[in-house]
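As stored in final34.cif (mmCIF, C-alpha atoms and all ligand atoms):
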data_run
#
loop_
_atom_site.label_atom_id
_atom_site.label_comp_id
_atom_site.auth_asym_id
_atom_site.auth_seq_id
_atom_site.Cartn_x
_atom_site.Cartn_y
_atom_site.Cartn_z
CA MET A 48 0.57 0.70 26.50
CA LEU A 49 0.94 -2.82 27.80
CA GLY A 50 -2.78 -3.45 27.46
CA TRP A 51 -2.32 -6.17 24.90
CA LEU A 52 -0.22 -8.06 27.37
CA ARG A 53 -3.07 -9.01 29.68
CA TRP A 54 -3.98 -12.64 29.99
CA SER A 55 -7.19 -12.14 28.13
CA GLU A 56 -5.97 -12.56 24.60
CA GLY A 57 -8.84 -14.95 23.93
CA ALA A 58 -9.23 -18.62 23.28
CA LEU A 59 -6.10 -18.87 21.21
CA LEU A 60 -3.92 -17.80 24.06
CA LEU A 61 -5.69 -20.01 26.61
CA LEU A 62 -5.22 -22.94 24.30
CA ALA A 63 -1.58 -22.08 23.97
CA ILE A 64 -1.16 -21.84 27.72
CA ARG A 65 -2.83 -25.18 28.21
CA HIS A 66 -0.40 -26.73 25.78
CA VAL A 67 2.49 -25.38 27.73
CA GLU A 68 0.97 -26.28 31.08
CA SER A 69 0.47 -29.83 29.96
CA GLY A 70 4.18 -29.96 29.24
CA LEU A 71 3.88 -30.23 25.49
CA HIS A 72 6.21 -28.19 23.38
CA TRP A 73 4.14 -26.59 20.67
CA CYS A 74 6.40 -27.73 17.97
CA GLY A 75 5.38 -31.27 18.77
CA GLY A 76 2.00 -30.98 20.38
CA GLY A 77 0.23 -27.72 19.60
CA ARG A 78 -1.63 -27.95 16.32
CA SER A 79 -3.51 -24.69 16.74
CA VAL A 80 -0.46 -22.49 16.55
CA ARG A 81 1.89 -22.44 13.60
CA CYS A 82 5.52 -23.15 14.38
CA SER A 83 8.14 -20.71 13.16
CA GLY A 84 10.61 -23.53 12.55
CA ASP A 85 14.22 -22.61 13.16
CA LEU A 86 13.21 -19.76 15.50
CA CYS A 87 11.93 -22.29 18.04
CA PHE A 88 14.78 -23.22 20.32
CA ALA A 89 14.56 -26.31 22.52
CA ASP A 90 16.09 -24.31 25.39
CA GLY A 91 14.10 -21.14 24.67
CA ASN A 92 12.52 -19.59 27.75
CA VAL A 93 9.89 -17.25 26.31
CA THR A 94 7.27 -17.80 23.66
CA LEU A 95 6.41 -14.94 21.35
CA LEU A 96 3.12 -15.18 19.56
CA ALA A 97 2.70 -13.17 16.35
CA THR A 98 -0.96 -12.25 16.39
CA ASN A 99 -1.28 -9.74 13.58
CA ASN A 100 -3.57 -10.62 10.65
CA ILE A 101 -5.04 -13.70 12.27
CA THR A 102 -8.26 -14.66 10.57
CA THR A 103 -10.40 -17.76 10.85
CA SER A 104 -8.30 -19.42 8.19
CA THR A 105 -4.87 -18.49 9.54
CA THR A 106 -3.39 -19.17 12.95
CA ALA A 107 -0.91 -17.31 15.09
CA CYS A 108 2.72 -18.20 14.73
CA HIS A 109 4.95 -18.88 17.68
CA PHE A 110 8.65 -18.36 18.36
CA VAL A 111 10.33 -20.00 21.34
CA VAL A 112 13.29 -17.73 21.98
CA HIS A 113 15.61 -16.49 24.73
CA LYS A 114 14.43 -13.83 27.14
CA GLY A 115 17.92 -12.71 28.10
CA LEU A 116 18.99 -12.08 24.51
CA LEU A 117 15.86 -10.10 23.66
CA ALA A 118 15.97 -8.10 26.90
CA ARG A 119 19.61 -7.23 26.28
CA HIS A 120 18.75 -5.62 22.94
CA SER A 121 15.31 -4.21 23.60
CA PRO A 122 14.32 -2.16 26.66
CA VAL A 123 10.69 -2.44 25.54
CA LEU A 124 10.73 -6.25 25.54
CA GLN A 125 12.67 -6.19 28.82
CA ASP A 126 9.83 -4.21 30.41
CA ILE A 127 7.25 -6.56 28.97
CA PHE A 128 9.05 -9.57 30.47
CA LYS A 129 9.17 -7.85 33.86
CA VAL A 130 5.44 -7.15 33.83
CA LEU A 131 4.80 -10.69 32.72
CA GLU A 132 6.87 -12.13 35.55
CA ALA A 133 5.05 -9.96 38.10
CA THR A 134 1.57 -10.92 36.86
CA LYS A 135 2.20 -14.61 36.22
CA PRO A 136 -0.49 -16.85 37.76
CA ASP A 137 0.97 -19.18 40.46
CA SER A 138 -0.22 -22.25 38.64
CA PHE A 139 1.60 -21.27 35.46
CA GLN A 140 4.55 -23.41 34.44
CA GLY A 141 6.81 -23.30 31.42
CA PRO A 142 7.93 -20.45 29.22
CA PRO A 143 5.76 -17.33 29.49
CA ILE A 144 3.75 -16.43 26.41
CA VAL A 145 3.92 -12.96 24.96
CA PRO A 146 1.39 -12.12 22.26
CA LEU A 147 2.80 -9.41 20.01
CA PRO A 148 0.64 -7.46 17.57
CA ASP A 149 3.09 -8.09 14.72
CA ALA A 150 2.95 -10.14 11.55
CA ALA A 151 4.76 -13.48 11.74
CA GLU A 152 6.95 -12.68 8.71
CA ASP A 153 8.05 -9.38 10.24
CA LEU A 154 8.81 -10.94 13.59
CA ALA A 155 10.79 -13.70 11.88
CA CYS A 156 12.97 -11.10 10.07
CA PHE A 157 13.46 -9.14 13.28
CA LEU A 158 14.41 -12.16 15.41
CA THR A 159 16.69 -13.53 12.70
CA ALA A 160 18.49 -10.16 12.64
CA LEU A 161 18.92 -10.31 16.44
CA TYR A 162 20.22 -13.90 16.40
CA ASP A 163 22.20 -14.01 13.16
CA GLY A 164 23.09 -10.37 12.46
CA THR A 165 22.34 -8.47 9.27
CA SER A 166 25.46 -8.85 7.16
CA HIS A 167 23.59 -11.11 4.73
CA LEU A 168 21.15 -8.33 3.75
CA HIS A 169 21.33 -6.40 0.49
CA TYR A 170 20.15 -2.83 0.72
CA ASP A 171 18.42 -2.84 -2.63
CA ILE A 172 15.16 -4.13 -3.99
CA THR A 173 16.02 -7.78 -3.13
CA ASP A 174 15.75 -7.52 0.64
CA PHE A 175 13.65 -4.39 0.99
CA THR A 176 10.71 -6.21 2.60
CA SER A 177 12.97 -7.74 5.26
CA ILE A 178 14.81 -4.48 5.85
CA ALA A 179 11.54 -2.59 6.23
CA ALA A 180 10.26 -5.19 8.72
CA ILE A 181 13.47 -5.11 10.76
CA LEU A 182 13.54 -1.32 10.75
CA ARG A 183 9.89 -1.09 11.84
CA LEU A 184 10.28 -3.56 14.70
CA ALA A 185 13.72 -2.30 15.74
CA THR A 186 12.12 1.14 16.06
CA LYS A 187 9.06 -0.11 17.90
CA TYR A 188 11.03 -2.27 20.36
CA LYS A 189 13.81 0.33 20.62
CA VAL A 190 16.67 -1.86 19.42
CA LYS A 191 18.92 1.10 18.85
CA ARG A 192 21.89 -0.46 17.09
CA LEU A 193 19.82 -2.57 14.76
CA ARG A 194 17.82 0.51 13.78
CA GLN A 195 21.02 2.47 13.16
CA ASP A 196 22.43 -0.34 11.02
CA MET A 197 19.28 -0.50 8.90
CA LEU A 198 19.22 3.27 8.45
CA ALA A 199 22.90 3.35 7.53
CA GLY A 200 22.29 0.63 4.94
CA MET A 201 19.31 2.44 3.47
CA SER A 202 21.21 5.72 3.29
CA ILE A 203 23.39 4.24 0.53
CA ALA A 204 20.50 4.59 -1.90
CA TRP A 205 18.66 7.42 -0.06
CA PRO A 206 21.60 9.53 0.98
CA ARG A 207 22.18 12.75 2.80
CA PHE A 208 25.02 14.03 0.64
CA LEU A 209 25.14 14.85 -3.04
CA THR A 210 28.35 12.86 -3.59
CA GLN A 211 26.57 9.73 -2.33
CA TRP A 212 23.60 10.48 -4.58
CA GLU A 213 25.98 10.60 -7.55
CA ILE A 214 27.34 7.16 -6.67
CA ARG A 215 23.81 5.80 -6.32
CA GLU A 216 22.85 7.23 -9.70
CA ALA A 217 25.96 5.80 -11.34
CA ASN A 218 25.19 2.38 -9.82
CA ALA A 219 21.66 2.53 -11.21
CA THR A 220 22.97 3.12 -14.73
CA SER A 221 23.67 0.09 -16.91
CA PRO A 222 27.05 -0.28 -18.69
CA ASN A 223 25.45 0.91 -21.94
CA GLY A 224 24.29 4.10 -20.24
CA ILE A 225 20.64 3.31 -19.56
CA TYR A 226 19.38 4.67 -16.28
CA GLU A 227 17.17 2.06 -14.58
CA PRO A 228 16.80 2.80 -10.87
CA ARG A 229 13.57 0.79 -10.53
CA LYS A 230 15.39 -2.41 -11.45
CA SER A 231 17.65 -2.25 -8.44
CA LEU A 232 16.06 0.12 -5.94
CA PRO A 233 12.74 0.00 -4.10
CA HIS A 234 10.07 2.41 -5.31
CA PRO A 235 10.36 5.83 -3.60
CA ILE A 236 6.70 5.72 -2.49
CA LEU A 237 7.60 2.71 -0.32
CA VAL A 238 10.67 4.46 1.02
CA ILE A 239 8.76 7.65 1.87
CA LYS A 240 6.05 5.71 3.67
CA LEU A 241 8.59 3.68 5.62
CA ALA A 242 10.66 6.75 6.51
CA ARG A 243 7.51 8.47 7.82
CA GLU A 244 6.51 5.39 9.80
CA VAL A 245 9.86 4.91 11.53
CA ASN A 246 10.64 8.61 11.81
CA ALA A 247 13.74 8.59 9.60
CA PRO A 248 13.67 12.09 8.08
CA TYR A 249 17.09 11.84 6.44
CA LEU A 250 15.81 9.33 3.90
CA LEU A 251 13.09 11.71 2.74
CA PRO A 252 14.74 14.45 0.64
CA SER A 253 16.37 12.03 -1.81
CA ALA A 254 13.25 9.84 -1.95
CA PHE A 255 11.04 12.86 -2.68
CA TYR A 256 13.44 14.06 -5.33
CA ASP A 257 13.56 10.61 -6.91
CA LEU A 258 9.77 10.48 -7.01
CA SER A 259 9.48 14.03 -8.34
CA ARG A 260 11.12 12.84 -11.55
CA CYS A 261 8.19 10.51 -12.31
CA TYR A 262 5.11 11.71 -14.13
CA PRO A 263 2.65 13.18 -11.58
CA SER A 264 -0.12 10.97 -13.00
CA ASP A 265 1.96 7.85 -12.20
CA THR A 266 2.58 9.06 -8.67
CA VAL A 267 -1.12 9.75 -8.10
CA SER A 268 -2.04 6.24 -9.30
CA GLY A 269 0.33 4.82 -6.69
CA TYR A 270 2.83 1.98 -6.84
CA THR A 271 1.55 -1.57 -7.21
CA CYS A 272 3.87 -4.24 -5.87
CA PRO A 273 4.28 -6.95 -8.54
CA LYS A 274 4.51 -9.65 -5.85
CA THR A 275 1.65 -8.76 -3.51
CA HIS A 276 -0.43 -6.75 -6.04
CA GLN A 277 -1.01 -4.28 -3.24
CA THR A 278 -1.05 -0.63 -4.33
CA HIS A 279 0.74 1.91 -2.17
CA PHE A 280 -0.16 5.59 -2.25
CA LEU A 281 1.43 8.72 -0.88
CA SER A 282 -0.55 10.45 1.83
CA ASP A 283 -2.47 13.53 0.64
CA SER A 284 -0.10 15.88 2.43
CA ASP A 285 2.98 14.18 0.97
CA LEU A 286 1.45 14.30 -2.50
CA THR A 287 1.01 18.06 -2.09
CA ASN A 288 4.59 18.33 -0.80
CA LEU A 289 5.80 16.38 -3.81
CA LEU A 290 4.00 18.48 -6.40
CA LYS A 291 5.12 21.73 -4.80
CA GLY A 292 8.69 20.45 -4.69
CA LYS A 293 8.55 19.43 -8.33
CA GLU A 294 7.58 22.98 -9.27
CA HIS A 295 10.56 24.29 -7.33
CA THR A 296 13.02 21.90 -8.96
CA SER A 297 11.90 22.76 -12.49
CA ARG A 298 11.93 26.46 -11.70
CA PHE A 299 15.52 26.08 -10.48
CA LEU A 300 16.48 24.49 -13.79
CA SER A 301 14.81 27.26 -15.83
CA THR A 302 16.60 29.89 -13.76
CA PHE A 303 19.89 28.05 -14.24
CA ILE A 304 19.40 27.99 -18.01
CA VAL A 305 18.54 31.68 -18.14
CA ASN A 306 21.27 32.85 -15.77
CA GLU A 307 24.14 30.54 -16.62
CA LEU A 308 23.67 29.28 -20.16
CA GLU A 309 21.66 31.61 -22.37
CA GLY A 310 23.94 34.30 -23.65
CA ARG A 311 26.81 33.06 -21.50
CA GLN A 312 29.86 35.28 -21.99
CA PRO A 313 33.22 33.63 -22.67
CA SER A 314 35.86 33.51 -19.94
CA LEU A 315 38.35 36.37 -19.72
CA ALA A 316 40.97 33.74 -20.51
CA CYS A 317 39.05 32.31 -23.49
CA VAL A 318 41.49 31.08 -26.17
CA TYR A 319 39.25 32.42 -28.95
CA LYS A 320 39.10 35.91 -27.50
CA THR A 321 41.66 37.42 -29.80
CA GLU A 322 40.43 35.69 -32.97
CA ILE A 323 39.75 38.00 -35.87
CA ASP A 324 37.26 35.73 -37.61
CA PRO A 325 33.94 36.64 -35.93
CA LEU A 326 32.69 33.06 -36.14
CA ARG A 327 35.76 31.66 -34.40
CA LYS A 328 35.68 34.48 -31.89
CA ARG A 329 32.13 33.41 -30.93
CA ASN A 330 33.12 29.72 -30.60
CA CYS A 331 32.50 29.32 -26.87
CA GLN A 332 29.29 31.31 -26.87
CA ALA A 333 28.05 29.09 -29.69
CA ALA A 334 29.01 26.03 -27.64
CA PHE A 335 26.88 27.19 -24.71
CA GLU A 336 24.00 27.97 -27.04
CA ALA A 337 24.19 24.40 -28.29
CA ILE A 338 23.98 23.11 -24.71
CA THR A 339 20.96 25.30 -24.02
CA PHE A 340 19.29 23.88 -27.09
CA GLU A 341 20.05 20.29 -26.03
CA ILE A 342 18.67 20.81 -22.52
CA LEU A 343 15.48 22.45 -23.77
CA ARG A 344 15.05 19.71 -26.36
CA ASP A 345 15.09 17.13 -23.56
CA VAL A 346 12.89 18.93 -21.08
CA ASN A 347 10.20 16.28 -21.36
CA GLY A 348 12.66 13.44 -21.17
CA VAL A 349 12.05 12.32 -24.75
CA VAL A 350 15.72 12.09 -25.57
CA CYS A 351 17.25 10.26 -22.64
CA HIS A 352 14.13 9.30 -20.67
CA ARG A 353 15.22 11.19 -17.59
CA SER A 354 12.15 13.28 -17.46
CA SER A 355 12.34 16.29 -15.17
CA ASP A 356 15.67 15.49 -13.59
CA PRO A 357 17.23 18.93 -13.14
CA LEU A 358 20.13 17.61 -11.07
CA PHE A 359 21.06 15.38 -13.99
CA ALA A 360 20.34 18.01 -16.64
CA ILE A 361 22.63 20.52 -14.94
CA MET A 362 25.44 18.00 -14.70
CA ASP A 363 24.81 16.87 -18.24
CA ALA A 364 25.17 20.45 -19.44
CA GLU A 365 28.79 20.12 -18.47
CA LEU A 366 29.35 16.50 -19.51
CA MET A 367 27.96 17.15 -22.98
CA GLN A 368 30.97 19.30 -23.66
CA THR A 369 33.51 16.62 -22.99
CA ARG A 370 31.68 13.46 -24.03
CA GLU A 371 33.83 11.69 -26.58
CA ASP A 372 31.48 8.91 -27.53
CA PRO A 373 30.01 9.73 -30.94
CA THR A 374 27.15 7.29 -30.23
CA GLY A 375 26.27 9.32 -27.12
CA ARG A 376 23.00 11.16 -27.16
CA THR A 377 24.61 14.40 -28.19
CA ASP A 378 27.45 15.03 -30.50
CA LEU A 379 28.20 18.68 -30.08
CA THR A 380 30.35 19.82 -32.93
CA VAL A 381 31.17 23.09 -31.22
CA ARG A 382 32.98 22.77 -27.94
CA ALA A 383 33.97 25.47 -25.51
CA CYS A 384 37.65 26.04 -24.84
CA GLU A 385 39.13 24.58 -21.70
CA PHE A 386 39.02 27.93 -19.84
CA CYS A 387 35.36 28.56 -20.59
CA ARG A 388 34.60 24.97 -19.69
CA ALA A 389 36.44 25.16 -16.37
CA GLU A 390 34.57 28.32 -15.46
CA PHE A 391 31.26 26.73 -16.36
CA SER A 392 32.19 23.59 -14.42
CA THR A 393 32.55 25.63 -11.21
CA VAL A 394 29.14 27.17 -11.83
CA VAL A 395 27.60 23.71 -12.39
CA ASP A 396 29.06 22.29 -9.17
CA ALA A 397 27.83 25.25 -7.15
CA ALA A 398 24.35 25.06 -8.69
CA ARG A 399 24.02 21.35 -7.94
CA GLU A 400 25.14 21.83 -4.32
CA GLU A 401 22.65 24.65 -3.95
CA PHE A 402 19.93 22.49 -5.46
CA TRP A 403 20.68 19.64 -3.04
CA ARG A 404 20.72 22.01 -0.07
CA ARG A 405 17.26 23.26 -0.90
CA LEU A 406 15.55 19.88 -1.26
CA PRO A 407 14.01 19.74 2.24
CA GLN A 408 12.67 23.26 1.99
CA TRP A 409 11.18 22.64 -1.46
CA PHE A 410 9.49 19.39 -0.46
CA GLY A 411 8.24 20.78 2.85
CA LEU A 412 10.45 18.48 4.97
CA ASP A 413 11.72 19.14 8.43
CA VAL A 414 15.30 17.84 8.25
CA HIS A 415 17.97 19.50 10.39
CA PRO A 416 20.81 19.82 9.78
CA TRP A 417 20.87 19.36 6.01
CA PRO A 418 22.84 18.10 4.34
ZN ZN B 501 7.74 -24.25 17.41
ZN ZN B 502 36.42 29.94 -24.46
#

Can you give me the file's structure in the form of C-alpha cells?
Amino acid sequence: MLGWLRWSEGALLLLAIRHVESGLHWCGGGRSVRCSGDLCFADGNVTLLATNNITTSTTACHFVVHKGLLARHSPVLQDIFKVLEATKPDSFQGPPIVPLPDAAEDLACFLTALYDGTSHLHYDITDFTSIAAILRLATKYKVKRLRQDMLAGMSIAWPRFLTQWEIREANATSPNGIYEPRKSLPHPILVIKLAREVNAPYLLPSAFYDLSRCYPSDTVSGYTCPKTHQTHFLSDSDLTNLLKGKEHTSRFLSTFIVNELEGRQPSLACVYKTEIDPLRKRNCQAAFEAITFEILRDVNGVVCHRSSDPLFAIMDAELMQTREDPTGRTDLTVRACEFCRAEFSTVVDAAREEFWRRLPQWFGLDVHPWP
C-alpha cells in the first residue's frame, strides 16, 4: 500500500530532494516544481508533492505544510510520516518529501479544508468540484470528521428523508413556479459516481430518483460538464439499476391512479352525500375524475415539464384541489368537499412515504436502514 512512498519516484523527486538538500526553499529556488502559493508555509515541516496527471508539459505541484496538523487529522498520513522517518537516508536534511498520487487542485481543496475549515463552502453546484475533491481525499486519508461534514452538507440536496426532499424540491423551484434543479444542483450522474467512489450509499436513492425523471436517452448519452467538456456516464450496472427503478416508479403511479383516484368513492362524511340533484351528489367523484384526467394528461411532462415524476404527480393530485391561482397550470372548476379532500390527503401522504421507502429496493441499492 505504501509502495508509492519509496524513494524511487524518478528524476522529479531526486531533483526535488536536491533542492531541499542544497537548502533552497522551492518557492524561491526550485523551478521544476510548481508552487502551490499560500499552501507553502515558511515554517512547514513536510513537503507534499501532487503527482497525479503529470505530463511532459506539466510539473508536479508542491505544498509545504505541517506534519503535526496533518497527522492529527489523518491516521493514513500519520502512518506515511512514520514510515518516511524510519526510512530517511542519513544524509537527508530538510522537510521530508511525500509524493501523493493526487491532483494538485484536489490536494489544494483538501489542505485548505484542513487549515481553514469548510464553512465557506456552498453545497450546491457552485462548490461541487471542491466538495467532491475534499470528500474523496477525506475518505482516502481517513479524515473522519471532514468526511462527515461533507456528507452532511451533501445530504441537504440528496437526502435520506422525504421531508428533506420536499424542502430541496421547493428550493429548486423559482418564485414563478418553474422547477429548475439543474440550475442550482449538480447533475445526479456526478453525484451517483461520487457516492459510489467514496462509499456513501445514503446519497444514492435520491440521486437515482432524480435521474430517473430525465429521459432515458439523455441519461445514456451522459452528462457533459460545460466547464471541462468532459462527459460523465453511469456505469453499465447503474444504468440497468436506473432503468429498472424507473419502471417501478411509473408502475407505482399507475397503481395509485387506479386504486386511489379512478372511481374514488366520496367520504362517508361528504357534504354532498344527501343532495337530491344527482349532479351535485356526484360532485366529489367528479372532482377526483378531473384530477385523474389532469395527471394522465401530464404523464409525458408536456404540461409542467416534470416528466415522469410520480412523487410530484401524487402530491400534485392533492394540491390541484386547493390551488387558488387561476394562472396555475390547472383550474379545476369542480372541487371535492373538505371531508373528501382530507381523506384523500391522508392517502396521498401514505403513498408518498411508501414510495420513498421503496426507492432503494427499486433501484437495486443496498442502503440499511432506510429511510
Ligand atoms: Zn512553494
Ligand atoms: Zn365530498

Residues within 9 Å of Ala107 (chain A), only C-alpha atoms, excluding chain neighbours under 3 positions, as a PyMOL selection string: chain A and resi 59+79-82+96-101+150-151

Nearest-residue call for ligand ZN 501 (chain B), choices A:Val111, A:Tyr226, A:Phe340, A:Thr105, using all atoms listed in the file: A:Val111

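By all atoms listed in the file, and with residues fewer than 5 positions from Thr380 (chain A) along its chain excluded, the set lying at most 12 Å from it is Asn330, Cys331, Ala333, Ala334, Phe335, Glu336, Ala337, Ile338, Met367, Gln368, Thr369, Arg370, Glu371 and Pro373 of chain A.
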
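Straight-line separation from CA of Lys114 (chain A) to CA of Lys129 (chain A): 10.4 Å.
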
Using all atoms listed in the file, which residues sit within 10 Å of region 248-258 of chain A once same-chain residues fewer than 6 positions away are excluded, as a compact mmCIF listing (two decimals) with C-alpha atoms, in the frame of the given file?
# COMPACT_ATOMS: atom_id res chain seq x y z
CA LEU A 198 19.22 3.27 8.45
CA ALA A 199 22.90 3.35 7.53
CA MET A 201 19.31 2.44 3.47
CA SER A 202 21.21 5.72 3.29
CA ILE A 203 23.39 4.24 0.53
CA ALA A 204 20.50 4.59 -1.90
CA TRP A 205 18.66 7.42 -0.06
CA PRO A 206 21.60 9.53 0.98
CA ARG A 207 22.18 12.75 2.80
CA PHE A 208 25.02 14.03 0.64
CA LEU A 209 25.14 14.85 -3.04
CA TRP A 212 23.60 10.48 -4.58
CA PRO A 228 16.80 2.80 -10.87
CA HIS A 234 10.07 2.41 -5.31
CA PRO A 235 10.36 5.83 -3.60
CA ILE A 236 6.70 5.72 -2.49
CA LEU A 237 7.60 2.71 -0.32
CA VAL A 238 10.67 4.46 1.02
CA ILE A 239 8.76 7.65 1.87
CA LYS A 240 6.05 5.71 3.67
CA LEU A 241 8.59 3.68 5.62
CA ALA A 242 10.66 6.75 6.51
CA ASP A 265 1.96 7.85 -12.20
CA THR A 266 2.58 9.06 -8.67
CA ASP A 285 2.98 14.18 0.97
CA LEU A 286 1.45 14.30 -2.50
CA ASN A 288 4.59 18.33 -0.80
CA LEU A 289 5.80 16.38 -3.81
CA LEU A 290 4.00 18.48 -6.40
CA GLY A 292 8.69 20.45 -4.69
CA LYS A 293 8.55 19.43 -8.33
CA THR A 296 13.02 21.90 -8.96
CA ASP A 356 15.67 15.49 -13.59
CA PRO A 357 17.23 18.93 -13.14
CA LEU A 358 20.13 17.61 -11.07
CA TRP A 403 20.68 19.64 -3.04
CA ARG A 404 20.72 22.01 -0.07
CA ARG A 405 17.26 23.26 -0.90
CA LEU A 406 15.55 19.88 -1.26
CA PRO A 407 14.01 19.74 2.24
CA GLN A 408 12.67 23.26 1.99
CA TRP A 409 11.18 22.64 -1.46
CA PHE A 410 9.49 19.39 -0.46
CA GLY A 411 8.24 20.78 2.85
CA LEU A 412 10.45 18.48 4.97
CA ASP A 413 11.72 19.14 8.43
CA VAL A 414 15.30 17.84 8.25
CA HIS A 415 17.97 19.50 10.39
CA PRO A 416 20.81 19.82 9.78
CA TRP A 417 20.87 19.36 6.01
CA PRO A 418 22.84 18.10 4.34

Expected file content for region 280-298 of chain A, N, CA and C atoms, as a PDB file, in the first residue's frame:
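Listed below is the output, result-v1.pdb:
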ATOM      1  N   PHE A 280     -20.502   9.297 -17.624  1.00  0.00           N
ATOM      2  CA  PHE A 280     -21.532   8.284 -17.859  1.00  0.00           C
ATOM      3  C   PHE A 280     -21.768   7.469 -16.600  1.00  0.00           C
ATOM      4  N   LEU A 281     -22.983   6.926 -16.511  1.00  0.00           N
ATOM      5  CA  LEU A 281     -23.251   5.950 -15.450  1.00  0.00           C
ATOM      6  C   LEU A 281     -22.558   4.648 -15.821  1.00  0.00           C
ATOM      7  N   SER A 282     -22.208   3.859 -14.825  1.00  0.00           N
ATOM      8  CA  SER A 282     -21.668   2.536 -15.141  1.00  0.00           C
ATOM      9  C   SER A 282     -22.806   1.696 -15.726  1.00  0.00           C
ATOM     10  N   ASP A 283     -22.462   0.622 -16.443  1.00  0.00           N
ATOM     11  CA  ASP A 283     -23.489  -0.213 -17.063  1.00  0.00           C
ATOM     12  C   ASP A 283     -24.460  -0.759 -16.018  1.00  0.00           C
ATOM     13  N   SER A 284     -23.909  -1.182 -14.875  1.00  0.00           N
ATOM     14  CA  SER A 284     -24.797  -1.777 -13.873  1.00  0.00           C
ATOM     15  C   SER A 284     -25.719  -0.707 -13.280  1.00  0.00           C
ATOM     16  N   ASP A 285     -25.204   0.509 -13.091  1.00  0.00           N
ATOM     17  CA  ASP A 285     -26.071   1.560 -12.553  1.00  0.00           C
ATOM     18  C   ASP A 285     -27.114   2.007 -13.574  1.00  0.00           C
ATOM     19  N   LEU A 286     -26.767   1.941 -14.841  1.00  0.00           N
ATOM     20  CA  LEU A 286     -27.750   2.283 -15.872  1.00  0.00           C
ATOM     21  C   LEU A 286     -28.900   1.269 -15.848  1.00  0.00           C
ATOM     22  N   THR A 287     -28.543  -0.009 -15.689  1.00  0.00           N
ATOM     23  CA  THR A 287     -29.581  -1.035 -15.583  1.00  0.00           C
ATOM     24  C   THR A 287     -30.428  -0.789 -14.334  1.00  0.00           C
ATOM     25  N   ASN A 288     -29.757  -0.511 -13.207  1.00  0.00           N
ATOM     26  CA  ASN A 288     -30.490  -0.209 -11.969  1.00  0.00           C
ATOM     27  C   ASN A 288     -31.464   0.943 -12.176  1.00  0.00           C
ATOM     28  N   LEU A 289     -30.985   1.966 -12.872  1.00  0.00           N
ATOM     29  CA  LEU A 289     -31.799   3.162 -13.081  1.00  0.00           C
ATOM     30  C   LEU A 289     -33.049   2.843 -13.905  1.00  0.00           C
ATOM     31  N   LEU A 290     -32.851   2.115 -15.000  1.00  0.00           N
ATOM     32  CA  LEU A 290     -33.988   1.832 -15.877  1.00  0.00           C
ATOM     33  C   LEU A 290     -35.007   0.916 -15.198  1.00  0.00           C
ATOM     34  N   LYS A 291     -34.501  -0.035 -14.437  1.00  0.00           N
ATOM     35  CA  LYS A 291     -35.422  -0.905 -13.683  1.00  0.00           C
ATOM     36  C   LYS A 291     -36.213  -0.075 -12.674  1.00  0.00           C
ATOM     37  N   GLY A 292     -35.499   0.801 -11.974  1.00  0.00           N
ATOM     38  CA  GLY A 292     -36.144   1.646 -10.962  1.00  0.00           C
ATOM     39  C   GLY A 292     -37.206   2.536 -11.576  1.00  0.00           C
ATOM     40  N   LYS A 293     -36.890   3.065 -12.757  1.00  0.00           N
ATOM     41  CA  LYS A 293     -37.840   3.954 -13.432  1.00  0.00           C
ATOM     42  C   LYS A 293     -39.133   3.205 -13.749  1.00  0.00           C
ATOM     43  N   GLU A 294     -39.005   1.946 -14.146  1.00  0.00           N
ATOM     44  CA  GLU A 294     -40.210   1.145 -14.402  1.00  0.00           C
ATOM     45  C   GLU A 294     -41.037   1.005 -13.125  1.00  0.00           C
ATOM     46  N   HIS A 295     -40.333   0.749 -12.023  1.00  0.00           N
ATOM     47  CA  HIS A 295     -41.053   0.602 -10.746  1.00  0.00           C
ATOM     48  C   HIS A 295     -41.769   1.886 -10.361  1.00  0.00           C
ATOM     49  N   THR A 296     -41.111   3.027 -10.527  1.00  0.00           N
ATOM     50  CA  THR A 296     -41.744   4.278 -10.085  1.00  0.00           C
ATOM     51  C   THR A 296     -42.974   4.584 -10.943  1.00  0.00           C
ATOM     52  N   SER A 297     -42.894   4.316 -12.253  1.00  0.00           N
ATOM     53  CA  SER A 297     -44.090   4.632 -13.048  1.00  0.00           C
ATOM     54  C   SER A 297     -45.211   3.627 -12.802  1.00  0.00           C
ATOM     55  N   ARG A 298     -44.821   2.386 -12.502  1.00  0.00           N
ATOM     56  CA  ARG A 298     -45.855   1.407 -12.164  1.00  0.00           C
ATOM     57  C   ARG A 298     -46.572   1.815 -10.878  1.00  0.00           C
TER      58      ARG A 298
END
